[in-house]
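To be precise, the following lines are structure_19.cif, and they hold mmCIF, C-alpha atoms and all ligand atoms.
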data_entry
loop_
_atom_site.group_PDB
_atom_site.id
_atom_site.type_symbol
_atom_site.label_atom_id
_atom_site.label_comp_id
_atom_site.auth_asym_id
_atom_site.auth_seq_id
_atom_site.Cartn_x
_atom_site.Cartn_y
_atom_site.Cartn_z
ATOM 1 C CA MET H 21 167.752 23.503 0.680
ATOM 2 C CA LYS H 22 168.503 22.758 4.302
ATOM 3 C CA VAL H 23 168.410 25.522 6.892
ATOM 4 C CA HIS H 24 171.055 25.132 9.621
ATOM 5 C CA LEU H 25 169.373 25.530 12.994
ATOM 6 C CA THR H 26 170.784 26.046 16.466
ATOM 7 C CA SER H 27 169.843 23.249 18.849
ATOM 8 C CA ASP H 28 167.306 25.341 20.782
ATOM 9 C CA VAL H 29 165.536 26.362 17.546
ATOM 10 C CA ARG H 30 165.558 22.761 16.301
ATOM 11 C CA LYS H 31 164.138 21.426 19.580
ATOM 12 C CA ALA H 32 161.431 24.080 19.690
ATOM 13 C CA LEU H 33 160.323 23.410 16.110
ATOM 14 C CA LYS H 34 160.341 19.656 16.635
ATOM 15 C CA SER H 35 158.149 19.872 19.723
ATOM 16 C CA GLY H 36 155.768 22.496 18.314
ATOM 17 C CA LYS H 37 156.973 25.262 20.642
ATOM 18 C CA PRO H 38 156.783 28.907 19.519
ATOM 19 C CA VAL H 39 159.696 30.309 17.495
ATOM 20 C CA VAL H 40 160.091 33.881 16.206
ATOM 21 C CA ALA H 41 162.325 34.671 13.231
ATOM 22 C CA LEU H 42 164.325 37.933 13.217
ATOM 23 C CA GLU H 43 166.160 39.567 10.311
ATOM 24 C CA SER H 44 169.826 40.522 10.010
ATOM 25 C CA THR H 45 169.657 43.456 7.552
ATOM 26 C CA ILE H 46 168.143 45.587 10.286
ATOM 27 C CA ILE H 47 171.316 44.861 12.312
ATOM 28 C CA ALA H 48 173.932 45.321 9.578
ATOM 29 C CA HIS H 49 172.273 48.072 7.510
ATOM 30 C CA GLY H 50 169.409 49.488 9.540
ATOM 31 C CA MET H 51 171.191 50.934 12.570
ATOM 32 C CA PRO H 52 174.666 52.125 13.596
ATOM 33 C CA PHE H 53 177.041 50.209 15.857
ATOM 34 C CA PRO H 54 176.853 49.721 18.845
ATOM 35 C CA GLN H 55 173.094 50.428 19.138
ATOM 36 C CA ASN H 56 172.459 47.705 16.547
ATOM 37 C CA LEU H 57 174.145 45.058 18.714
ATOM 38 C CA ALA H 58 172.252 46.092 21.846
ATOM 39 C CA MET H 59 169.024 46.056 19.813
ATOM 40 C CA ALA H 60 169.744 42.575 18.395
ATOM 41 C CA ARG H 61 170.363 41.156 21.882
ATOM 42 C CA ASP H 62 167.422 42.974 23.477
ATOM 43 C CA VAL H 63 165.057 41.781 20.761
ATOM 44 C CA GLU H 64 166.120 38.166 21.299
ATOM 45 C CA GLN H 65 165.597 38.691 25.034
ATOM 46 C CA ALA H 66 162.113 40.166 24.434
ATOM 47 C CA VAL H 67 161.173 37.100 22.382
ATOM 48 C CA ARG H 68 162.388 34.775 25.165
ATOM 49 C CA ALA H 69 160.547 36.821 27.800
ATOM 50 C CA GLY H 70 157.409 36.322 25.682
ATOM 51 C CA GLY H 71 157.847 32.535 25.895
ATOM 52 C CA ALA H 72 159.242 31.907 22.395
ATOM 53 C CA VAL H 73 162.649 30.969 20.984
ATOM 54 C CA PRO H 74 164.337 33.668 18.847
ATOM 55 C CA ALA H 75 165.885 32.654 15.510
ATOM 56 C CA THR H 76 167.893 35.446 13.914
ATOM 57 C CA ILE H 77 168.251 34.602 10.231
ATOM 58 C CA ALA H 78 171.250 35.217 7.984
ATOM 59 C CA ILE H 79 173.466 33.547 5.387
ATOM 60 C CA ILE H 80 176.913 32.638 6.746
ATOM 61 C CA ASP H 81 179.629 31.008 4.603
ATOM 62 C CA GLY H 82 176.990 30.105 2.029
ATOM 63 C CA LYS H 83 174.731 28.389 4.562
ATOM 64 C CA LEU H 84 171.128 29.384 5.323
ATOM 65 C CA ARG H 85 171.011 29.913 9.073
ATOM 66 C CA ALA H 86 168.241 30.301 11.662
ATOM 67 C CA GLY H 87 169.612 31.080 15.111
ATOM 68 C CA LEU H 88 172.910 32.931 15.586
ATOM 69 C CA ASP H 89 175.265 32.836 18.564
ATOM 70 C CA VAL H 90 176.522 35.952 20.357
ATOM 71 C CA ALA H 91 179.729 36.150 18.305
ATOM 72 C CA GLU H 92 177.796 35.897 15.043
ATOM 73 C CA LEU H 93 175.347 38.625 16.088
ATOM 74 C CA ALA H 94 178.365 40.793 16.958
ATOM 75 C CA LEU H 95 179.902 40.124 13.543
ATOM 76 C CA PHE H 96 176.821 41.479 11.734
ATOM 77 C CA ALA H 97 176.613 44.456 14.095
ATOM 78 C CA GLU H 98 180.305 45.394 13.888
ATOM 79 C CA GLN H 99 180.869 44.800 10.176
ATOM 80 C CA GLY H 100 177.657 46.603 9.246
ATOM 81 C CA LEU H 101 177.603 47.891 5.702
ATOM 82 C CA SER H 102 180.607 45.793 4.656
ATOM 83 C CA ILE H 103 178.360 42.707 4.879
ATOM 84 C CA PRO H 104 176.157 42.602 1.763
ATOM 85 C CA LYS H 105 172.409 43.165 2.065
ATOM 86 C CA VAL H 106 170.891 40.047 0.542
ATOM 87 C CA SER H 107 167.362 40.022 -0.829
ATOM 88 C CA ILE H 108 165.825 37.229 -2.931
ATOM 89 C CA ARG H 109 167.707 38.365 -6.047
ATOM 90 C CA ASP H 110 171.038 38.120 -4.249
ATOM 91 C CA MET H 111 170.555 34.746 -2.485
ATOM 92 C CA PRO H 112 171.763 32.447 -5.290
ATOM 93 C CA GLY H 113 175.046 34.306 -5.766
ATOM 94 C CA ILE H 114 175.866 34.456 -2.059
ATOM 95 C CA VAL H 115 175.037 30.786 -1.488
ATOM 96 C CA ALA H 116 176.903 29.599 -4.602
ATOM 97 C CA LYS H 117 180.012 31.591 -3.682
ATOM 98 C CA GLY H 118 179.903 30.525 -0.013
ATOM 99 C CA GLY H 119 179.491 34.131 1.084
ATOM 100 C CA THR H 120 178.007 35.855 4.113
ATOM 101 C CA GLY H 121 175.025 38.177 3.863
ATOM 102 C CA ALA H 122 172.433 40.028 5.919
ATOM 103 C CA THR H 123 168.896 38.961 5.015
ATOM 104 C CA THR H 124 166.087 41.441 4.308
ATOM 105 C CA VAL H 125 162.431 40.912 5.153
ATOM 106 C CA ALA H 126 161.973 39.019 1.854
ATOM 107 C CA SER H 127 164.912 36.638 2.222
ATOM 108 C CA THR H 128 164.286 36.190 5.961
ATOM 109 C CA MET H 129 160.680 35.200 5.173
ATOM 110 C CA ARG H 130 161.870 32.664 2.606
ATOM 111 C CA ILE H 131 164.403 31.079 4.984
ATOM 112 C CA ALA H 132 161.892 31.103 7.854
ATOM 113 C CA ALA H 133 159.353 29.321 5.634
ATOM 114 C CA LEU H 134 161.964 26.735 4.605
ATOM 115 C CA ALA H 135 162.721 26.133 8.294
ATOM 116 C CA GLY H 136 159.035 25.924 9.263
ATOM 117 C CA ILE H 137 158.940 29.169 11.284
ATOM 118 C CA ALA H 138 155.560 30.912 10.897
ATOM 119 C CA VAL H 139 156.127 34.198 12.747
ATOM 120 C CA PHE H 140 158.749 36.895 12.154
ATOM 121 C CA ALA H 141 159.317 40.233 13.883
ATOM 122 C CA THR H 142 160.963 43.166 12.123
ATOM 123 C CA GLY H 143 160.949 46.971 12.344
ATOM 124 C CA GLY H 144 159.335 47.993 9.100
ATOM 125 C CA ILE H 145 158.750 46.179 5.832
ATOM 126 C CA GLY H 146 159.943 47.523 2.500
ATOM 127 C CA GLY H 147 157.327 48.879 0.139
ATOM 128 C CA VAL H 148 156.621 51.121 -2.826
ATOM 129 C CA HIS H 149 159.009 54.074 -2.750
ATOM 130 C CA ARG H 150 157.780 57.584 -3.340
ATOM 131 C CA GLY H 151 158.393 58.331 -7.004
ATOM 132 C CA ALA H 152 158.147 54.641 -7.953
ATOM 133 C CA ALA H 153 156.195 55.579 -11.092
ATOM 134 C CA THR H 154 159.512 56.670 -12.613
ATOM 135 C CA SER H 155 162.131 54.878 -10.447
ATOM 136 C CA PHE H 156 160.293 51.503 -10.466
ATOM 137 C CA ASP H 157 161.606 51.107 -6.890
ATOM 138 C CA ILE H 158 159.215 48.627 -5.280
ATOM 139 C CA SER H 159 160.684 46.443 -2.551
ATOM 140 C CA ASN H 160 160.947 42.743 -3.271
ATOM 141 C CA ASP H 161 159.488 42.290 0.238
ATOM 142 C CA LEU H 162 156.021 42.810 -1.264
ATOM 143 C CA ASP H 163 156.498 39.971 -3.756
ATOM 144 C CA GLU H 164 157.673 37.621 -1.044
ATOM 145 C CA PHE H 165 154.468 38.264 0.899
ATOM 146 C CA ALA H 166 152.689 36.543 -1.993
ATOM 147 C CA ARG H 167 154.834 33.415 -1.599
ATOM 148 C CA SER H 168 156.090 32.569 1.886
ATOM 149 C CA ASN H 169 153.689 31.434 4.609
ATOM 150 C CA VAL H 170 154.965 33.703 7.354
ATOM 151 C CA ALA H 171 153.220 36.348 9.458
ATOM 152 C CA VAL H 172 155.431 39.427 9.792
ATOM 153 C CA VAL H 173 154.972 41.834 12.695
ATOM 154 C CA THR H 174 155.909 45.320 11.484
ATOM 155 C CA ALA H 175 155.274 48.886 12.664
ATOM 156 C CA GLY H 176 153.519 49.475 9.351
ATOM 157 C CA ALA H 177 155.912 50.894 6.801
ATOM 158 C CA LYS H 178 158.083 53.951 6.926
ATOM 159 C CA ALA H 179 156.790 57.226 5.650
ATOM 160 C CA ILE H 180 159.861 57.341 3.369
ATOM 161 C CA LEU H 181 157.603 55.088 1.287
ATOM 162 C CA ASP H 182 154.316 55.738 -0.488
ATOM 163 C CA LEU H 183 151.976 54.012 1.972
ATOM 164 C CA ALA H 184 148.864 54.208 -0.216
ATOM 165 C CA LEU H 185 150.656 52.486 -3.111
ATOM 166 C CA THR H 186 152.259 49.963 -0.751
ATOM 167 C CA LEU H 187 148.777 48.947 0.458
ATOM 168 C CA GLU H 188 147.556 48.755 -3.172
ATOM 169 C CA VAL H 189 150.363 46.346 -4.110
ATOM 170 C CA LEU H 190 149.693 44.200 -1.038
ATOM 171 C CA GLU H 191 146.053 43.994 -2.077
ATOM 172 C CA THR H 192 147.038 42.991 -5.616
ATOM 173 C CA ARG H 193 149.287 40.254 -4.201
ATOM 174 C CA GLY H 194 146.401 38.981 -2.025
ATOM 175 C CA VAL H 195 148.148 39.742 1.269
ATOM 176 C CA PRO H 196 146.016 40.296 4.388
ATOM 177 C CA VAL H 197 147.075 43.449 6.251
ATOM 178 C CA VAL H 198 145.970 43.202 9.876
ATOM 179 C CA GLY H 199 145.855 46.274 12.109
ATOM 180 C CA PHE H 200 146.879 45.004 15.543
ATOM 181 C CA GLY H 201 144.667 46.981 17.900
ATOM 182 C CA THR H 202 144.224 49.673 15.262
ATOM 183 C CA ASP H 203 142.044 50.568 12.272
ATOM 184 C CA GLU H 204 144.893 52.458 10.618
ATOM 185 C CA PHE H 205 148.057 51.310 8.907
ATOM 186 C CA PRO H 206 150.800 52.720 11.154
ATOM 187 C CA ALA H 207 153.568 54.857 9.638
ATOM 188 C CA PHE H 208 156.535 53.402 11.539
ATOM 189 C CA TYR H 209 157.620 56.455 13.593
ATOM 190 C CA SER H 210 153.990 57.557 13.952
ATOM 191 C CA ARG H 211 150.964 55.549 15.060
ATOM 192 C CA GLN H 212 148.711 56.900 12.345
ATOM 193 C CA SER H 213 148.976 57.378 8.607
ATOM 194 C CA GLY H 214 145.442 58.231 7.531
ATOM 195 C CA HIS H 215 145.268 54.913 5.628
ATOM 196 C CA LYS H 216 142.783 52.312 6.840
ATOM 197 C CA VAL H 217 143.685 48.631 7.197
ATOM 198 C CA PRO H 218 141.303 46.069 5.677
ATOM 199 C CA ILE H 219 141.033 44.064 8.924
ATOM 200 C CA ARG H 220 141.632 44.675 12.594
ATOM 201 C CA CYS H 221 142.586 42.089 15.253
ATOM 202 C CA ASP H 222 142.710 43.001 18.932
ATOM 203 C CA THR H 223 144.289 39.827 20.325
ATOM 204 C CA VAL H 224 147.127 37.491 19.374
ATOM 205 C CA GLY H 225 144.573 34.669 19.267
ATOM 206 C CA GLU H 226 142.622 36.433 16.523
ATOM 207 C CA VAL H 227 145.798 36.832 14.468
ATOM 208 C CA ALA H 228 146.667 33.144 14.947
ATOM 209 C CA ALA H 229 143.155 32.145 13.823
ATOM 210 C CA LEU H 230 143.501 34.275 10.677
ATOM 211 C CA MET H 231 146.883 32.687 9.850
ATOM 212 C CA ALA H 232 145.466 29.184 10.349
ATOM 213 C CA ALA H 233 142.384 29.959 8.226
ATOM 214 C CA LYS H 234 144.492 31.387 5.394
ATOM 215 C CA TRP H 235 146.865 28.473 5.128
ATOM 216 C CA LYS H 236 144.184 25.821 5.649
ATOM 217 C CA MET H 237 142.455 27.189 2.527
ATOM 218 C CA GLY H 238 145.685 26.792 0.576
ATOM 219 C CA LEU H 239 146.080 30.545 0.269
ATOM 220 C CA ASP H 240 149.853 30.641 0.266
ATOM 221 C CA GLY H 241 151.737 33.751 1.250
ATOM 222 C CA GLY H 242 152.368 35.942 4.226
ATOM 223 C CA VAL H 243 150.351 38.134 6.549
ATOM 224 C CA VAL H 244 151.274 41.714 7.444
ATOM 225 C CA VAL H 245 150.610 42.300 11.151
ATOM 226 C CA ALA H 246 150.768 46.079 11.476
ATOM 227 C CA ASN H 247 151.593 46.943 15.081
ATOM 228 C CA PRO H 248 151.799 50.652 15.939
ATOM 229 C CA ILE H 249 154.804 52.072 17.803
ATOM 230 C CA PRO H 250 153.988 52.610 21.523
ATOM 231 C CA ALA H 251 152.496 56.065 22.098
ATOM 232 C CA ALA H 252 155.324 57.053 24.449
ATOM 233 C CA ASP H 253 157.932 56.474 21.716
ATOM 234 C CA GLU H 254 156.230 57.906 18.650
ATOM 235 C CA ILE H 255 157.348 60.896 16.628
ATOM 236 C CA PRO H 256 154.274 62.748 15.367
ATOM 237 C CA ALA H 257 153.983 62.859 11.569
ATOM 238 C CA ALA H 258 154.246 66.651 11.526
ATOM 239 C CA GLN H 259 157.670 66.375 13.155
ATOM 240 C CA ILE H 260 159.143 63.476 11.180
ATOM 241 C CA GLU H 261 157.811 64.548 7.755
ATOM 242 C CA PRO H 262 160.227 67.497 7.265
ATOM 243 C CA ALA H 263 163.140 65.213 8.207
ATOM 244 C CA ILE H 264 161.938 62.632 5.669
ATOM 245 C CA MET H 265 161.673 65.298 2.955
ATOM 246 C CA ALA H 266 165.235 66.433 3.733
ATOM 247 C CA ALA H 267 166.571 62.851 3.694
ATOM 248 C CA LEU H 268 164.838 62.145 0.357
ATOM 249 C CA ALA H 269 166.322 65.338 -1.124
ATOM 250 C CA ASP H 270 169.797 64.283 0.051
ATOM 251 C CA ALA H 271 169.352 60.828 -1.493
ATOM 252 C CA ALA H 272 168.376 62.423 -4.815
ATOM 253 C CA ALA H 273 171.290 64.881 -4.676
ATOM 254 C CA ASP H 274 173.763 62.051 -3.959
ATOM 255 C CA GLY H 275 172.325 59.871 -6.744
ATOM 256 C CA ILE H 276 171.517 57.008 -4.331
ATOM 257 C CA SER H 277 169.658 54.137 -6.006
ATOM 258 C CA GLY H 278 168.807 50.441 -5.734
ATOM 259 C CA LYS H 279 169.318 48.608 -2.476
ATOM 260 C CA ALA H 280 171.331 51.483 -0.998
ATOM 261 C CA VAL H 281 168.237 53.719 -0.788
ATOM 262 C CA THR H 282 166.631 52.361 2.415
ATOM 263 C CA PRO H 283 169.884 52.216 4.484
ATOM 264 C CA PHE H 284 170.861 55.713 3.264
ATOM 265 C CA LEU H 285 167.513 57.217 4.274
ATOM 266 C CA LEU H 286 167.590 55.533 7.710
ATOM 267 C CA LYS H 287 171.091 56.892 8.373
ATOM 268 C CA ARG H 288 170.234 60.416 7.232
ATOM 269 C CA LEU H 289 167.086 60.419 9.368
ATOM 270 C CA THR H 290 169.115 59.467 12.436
ATOM 271 C CA GLU H 291 171.496 62.360 11.717
ATOM 272 C CA ILE H 292 168.774 64.902 10.962
ATOM 273 C CA THR H 293 166.723 64.010 14.062
ATOM 274 C CA ALA H 294 169.837 63.828 16.296
ATOM 275 C CA GLY H 295 169.132 60.206 17.172
ATOM 276 C CA ARG H 296 165.425 60.499 17.873
ATOM 277 C CA SER H 297 164.441 58.378 14.878
ATOM 278 C CA LEU H 298 166.903 55.689 15.999
ATOM 279 C CA ALA H 299 165.442 55.596 19.523
ATOM 280 C CA ALA H 300 161.938 55.278 18.062
ATOM 281 C CA ASN H 301 163.134 52.540 15.688
ATOM 282 C CA ILE H 302 164.598 50.501 18.563
ATOM 283 C CA ALA H 303 161.447 50.918 20.677
ATOM 284 C CA LEU H 304 159.153 49.730 17.893
ATOM 285 C CA VAL H 305 161.282 46.681 17.096
ATOM 286 C CA LEU H 306 161.131 45.594 20.750
ATOM 287 C CA ASN H 307 157.384 46.124 20.760
ATOM 288 C CA ASN H 308 157.060 44.021 17.596
ATOM 289 C CA ALA H 309 159.172 41.242 19.141
ATOM 290 C CA ARG H 310 156.849 41.066 22.170
ATOM 291 C CA VAL H 311 153.728 40.869 20.005
ATOM 292 C CA ALA H 312 155.364 38.306 17.689
ATOM 293 C CA ALA H 313 156.185 36.051 20.651
ATOM 294 C CA GLY H 314 152.520 36.190 21.683
ATOM 295 C CA ILE H 315 151.322 35.390 18.168
ATOM 296 C CA ALA H 316 153.813 32.514 17.867
ATOM 297 C CA ALA H 317 152.548 31.068 21.166
ATOM 298 C CA ALA H 318 148.903 31.442 20.116
ATOM 299 C CA PHE H 319 149.603 29.918 16.701
ATOM 300 C CA ALA H 320 151.483 26.969 18.253
ATOM 301 C CA GLU H 321 148.460 26.332 20.464
ATOM 302 C CA HIS H 322 146.162 26.568 17.435
ATOM 303 C CA GLN H 323 148.238 23.932 15.609
ATOM 304 C CA ARG H 324 147.942 21.552 18.565
ATOM 305 C CA ASP H 325 144.140 21.708 18.648
HETATM 306 N N1 LIG E 401 162.755 49.167 7.176
HETATM 307 C C1 LIG E 401 163.317 49.513 8.350
HETATM 308 N N2 LIG E 401 164.562 49.085 8.665
HETATM 309 C C2 LIG E 401 165.239 48.269 7.824
HETATM 310 C C3 LIG E 401 164.625 47.860 6.602
HETATM 311 C C4 LIG E 401 163.378 48.348 6.329
HETATM 312 O O1 LIG E 401 162.708 50.222 9.113
HETATM 313 O O2 LIG E 401 166.383 47.899 8.141
HETATM 314 C C5 LIG E 401 165.319 46.877 5.710
HETATM 315 C C6 LIG E 401 164.605 45.517 5.789
HETATM 316 O O3 LIG E 401 165.570 44.502 5.779
HETATM 317 C C7 LIG E 401 163.779 45.503 4.511
HETATM 318 C C8 LIG E 401 164.709 46.223 3.577
HETATM 319 O O4 LIG E 401 163.477 44.203 4.049
HETATM 320 O O5 LIG E 401 165.222 47.293 4.361
HETATM 321 C C9 LIG E 401 163.995 46.754 2.365
HETATM 322 O O6 LIG E 401 164.953 47.182 1.472
HETATM 323 P P1 LIG E 401 164.535 47.579 -0.011
HETATM 324 O O7 LIG E 401 163.713 48.810 0.138
HETATM 325 O O8 LIG E 401 165.849 47.819 -0.706
HETATM 326 O O9 LIG E 401 163.793 46.422 -0.586
HETATM 327 MN MN MN E 402 164.376 49.054 -3.569
#
As structure tokens, how would this structure be written, given the file I've shared?
Amino acid sequence: MKVHLTSDVRKALKSGKPVVALESTIIAHGMPFPQNLAMARDVEQAVRAGGAVPATIAIIDGKLRAGLDVAELALFAEQGLSIPKVSIRDMPGIVAKGGTGATTVASTMRIAALAGIAVFATGGIGGVHRGAATSFDISNDLDEFARSNVAVVTAGAKAILDLALTLEVLETRGVPVVGFGTDEFPAFYSRQSGHKVPIRCDTVGEVAALMAAKWKMGLDGGVVVANPIPAADEIPAAQIEPAIMAALADAAADGISGKAVTPFLLKRLTEITAGRSLAANIALVLNNARVAAGIAAAFAEHQRD
């Protein structure tokens, strides 16, 4: 199916210039208004400053879209939770009914791959939830990493998840997890998690070479580029962990399940930390956008050689 591109995204892709995909669930469900709108604009700006063209991905009126205008970004930011969160499972229904939806990491990866965009910046990927042995709550993001040829720059995964099991599933799916300038898988708000990454890259060129090697061998699927939150913005694990425990207890008490879990936990964390988790979240997304622009530029150069 065709992806509708803005003219700057189309031109960039046609001429082999770097493009960075961005997701819309983080705007509509990941942060409150108006911080979400400022974040969405600032992230696009960070990608441009890094020499790449931003392509925020969403489904609008049943059309797969890469590249949104200012009014469309504002729509996702203002309407927030009233716009459905659309993962792979939900895409057929939304497209068939001509609906509008915010795309998750999984569905953004799929649309990016369809459009020919190889690099995507987000905040944090979904993963295996704590208690998954009984809830079976494992994000579809992990399955998509086995399918779509897209490198995703993420601040690791949130400690609301079970990071050890998340890394196990990524291994099972054959997904390289690259520590960008680190030996440890970062824990979103914190730079360290105690879990080692299987491979470390210290430059964007090394990441681009890994992507090229993977896909040249016919090893389809994505790459996790785990980029730690800047030290100045991090919340040490000992400080965020009690807030996470409280948010998880609230989710259990309120009977939250399915796709509502991640947005609920993010919102509760912002409340419990009096906005500190939100500030950290915004800082790490911007940092990921800068690194993604560099990787996209290095990968574009690699493709030309
Ligand atoms: N992690 C964040 N912020 C987010 C999400 C994850 O720090 O907004 C969103 C992403 O869109 C991700 C989705 O793909 O949550 C995962 O949801 P679930 O756990 O329901 O698969
Ligand atoms: Mn889930």
Expected axis-aligned box over every listed atom of region 164-173 of chain H, 6 Å added per side, centre plus edges in Å to one decimal, as lines of an AutoDock Vina configuration file:
center_x = 155.2
center_y = 36.6
center_z = 5.4
size_x = 17.0
size_y = 22.4
size_z = 26.7
**Request:** Name each residue within 9 Å of ligand LIG 401 (chain E), counting only C-alpha atoms and all ligand atoms, as number ranges by chain.
**Result:** H: 43-51, 105-107, 122-128, 142-149, 157-162, 174-175, 177-178, 181, 208, 278-283, 286, 301, 305
Tell me, as a tab-separated table (two decimals) with C-alpha atoms, in the coordinates of the input, which residues lie within 12 Å of Thr120 (chain H), counting all atoms listed in the file; anything in the same chain fewer than 5 positions away does not count.
chain	number	residue	atom	x	y	z
H	44	SER	CA	169.83	40.52	10.01
H	45	THR	CA	169.66	43.46	7.55
H	48	ALA	CA	173.93	45.32	9.58
H	77	ILE	CA	168.25	34.60	10.23
H	78	ALA	CA	171.25	35.22	7.98
H	79	ILE	CA	173.47	33.55	5.39
H	80	ILE	CA	176.91	32.64	6.75
H	81	ASP	CA	179.63	31.01	4.60
H	82	GLY	CA	176.99	30.10	2.03
H	83	LYS	CA	174.73	28.39	4.56
H	84	LEU	CA	171.13	29.38	5.32
H	85	ARG	CA	171.01	29.91	9.07
H	92	GLU	CA	177.80	35.90	15.04
H	95	LEU	CA	179.90	40.12	13.54
H	96	PHE	CA	176.82	41.48	11.73
H	99	GLN	CA	180.87	44.80	10.18
H	100	GLY	CA	177.66	46.60	9.25
H	102	SER	CA	180.61	45.79	4.66
H	103	ILE	CA	178.36	42.71	4.88
H	104	PRO	CA	176.16	42.60	1.76
H	105	LYS	CA	172.41	43.16	2.06
H	106	VAL	CA	170.89	40.05	0.54
H	110	ASP	CA	171.04	38.12	-4.25
H	111	MET	CA	170.56	34.75	-2.48
H	112	PRO	CA	171.76	32.45	-5.29
H	113	GLY	CA	175.05	34.31	-5.77
H	114	ILE	CA	175.87	34.46	-2.06
H	115	VAL	CA	175.04	30.79	-1.49
**Item:** Nearby residues, (148.3, 51.1, 1.0) file frame, 12 Å, all atoms listed in the file, as a PyMOL selection string
**Value:** chain H and resi 147-149+162+176-179+181-192+195-197+204-207+213-218+244+246
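Restricting the calculation to all atoms listed in the file, the smallest distance between Leu306 (chain H) and any of H:Glu98, H:Asp203, H:Asp253, H:Glu164 is found for H:Asp253.
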Please, which residues are within 8 Å of (166.1, 32.6, 17.2) by the file's coordinates, counting all atoms listed in the file, and could they come as a tab-separated table (two decimals) with C-alpha atoms, keeping the file's coordinate frame?
chain	number	residue	atom	x	y	z
H	29	VAL	CA	165.54	26.36	17.55
H	39	VAL	CA	159.70	30.31	17.50
H	40	VAL	CA	160.09	33.88	16.21
H	41	ALA	CA	162.32	34.67	13.23
H	42	LEU	CA	164.32	37.93	13.22
H	64	GLU	CA	166.12	38.17	21.30
H	73	VAL	CA	162.65	30.97	20.98
H	74	PRO	CA	164.34	33.67	18.85
H	75	ALA	CA	165.88	32.65	15.51
H	76	THR	CA	167.89	35.45	13.91
H	77	ILE	CA	168.25	34.60	10.23
H	86	ALA	CA	168.24	30.30	11.66
H	87	GLY	CA	169.61	31.08	15.11
H	88	LEU	CA	172.91	32.93	15.59
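Nearest-residue note for ligand MN 402 (chain E): choosing from H:Leu304, H:Ile276, H:Ala257, H:Leu25, the minimum distance belongs to H:Ile276, counting all atoms listed in the file.
Compared by their closest atoms to Leu57 (chain H), and using all atoms listed in the file, the residues H:Ile302, H:Ser27, H:Gly201, H:Tyr209 rank with H:Ile302 nearest.
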**Request:** Determine the nearest neighbour of Leu93 (chain H) from the options H:Ala58, H:Ala258, H:Ile264, H:Ala66, counting all atoms listed in the file.
**Result:**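 Ranked by minimum distance to Leu93 (chain H), first place goes to H:Ala58.
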**Distance of CA of Ser277 (chain H) from CA of Ala263 (chain H), expressed in Å to one decimal place** =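 One can read the CA of Ala263 (chain H) to CA of Ser277 (chain H) distance as 19.2 Å.
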**Prompt:** How many Å lie between CA of Gly225 (chain H) and CA of Ala318 (chain H), rounded to one decimal?
**Reply:**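 Between CA of Gly225 (chain H) and CA of Ala318 (chain H) the gap is 5.5 Å.
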Give me, as a JSON list (two decimals) with C-alpha atoms, in the frame of the given file, all polymer residues having an atom no more than 7 Å from Asp240 (chain H), counting all atoms listed in the file and skipping those fewer than 4 positions away in the same chain.
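As written to disk, around-v5.json reads:
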[["chain", "number", "residue", "atom", "x", "y", "z"],
["H", 166, "ALA", "CA", 152.69, 36.54, -1.99],
["H", 167, "ARG", "CA", 154.83, 33.42, -1.60],
["H", 168, "SER", "CA", 156.09, 32.57, 1.89],
["H", 169, "ASN", "CA", 153.69, 31.43, 4.61],
["H", 235, "TRP", "CA", 146.86, 28.47, 5.13]]
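Note that the spacing between CA of Ala94 (chain H) and CA of Asn56 (chain H) amounts to 9.1 Å.
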**Expected selection from the PyMOL selection byres (((chain H and resi 322) around 12) and not hetatm), given as a PyMOL selection string** = chain H and resi 36-38+224-233+236+315-321+323-325
**Item:** Ala138 (chain H) environment, 7 Å, all atoms listed in the file, sequence neighbours closer than 3 positions dropped, as a VMD selection string
**Value:** chain H and resid 133 169 to 171
**Request:** Measuring atom to atom with only C-alpha atoms, identify which of H:Met237, H:Arg30, H:Val198, H:Ala303 is nearest to Ile137 (chain H).
**Result:**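 Checking each candidate against Ile137 (chain H), we get H:Arg30 as the closest.
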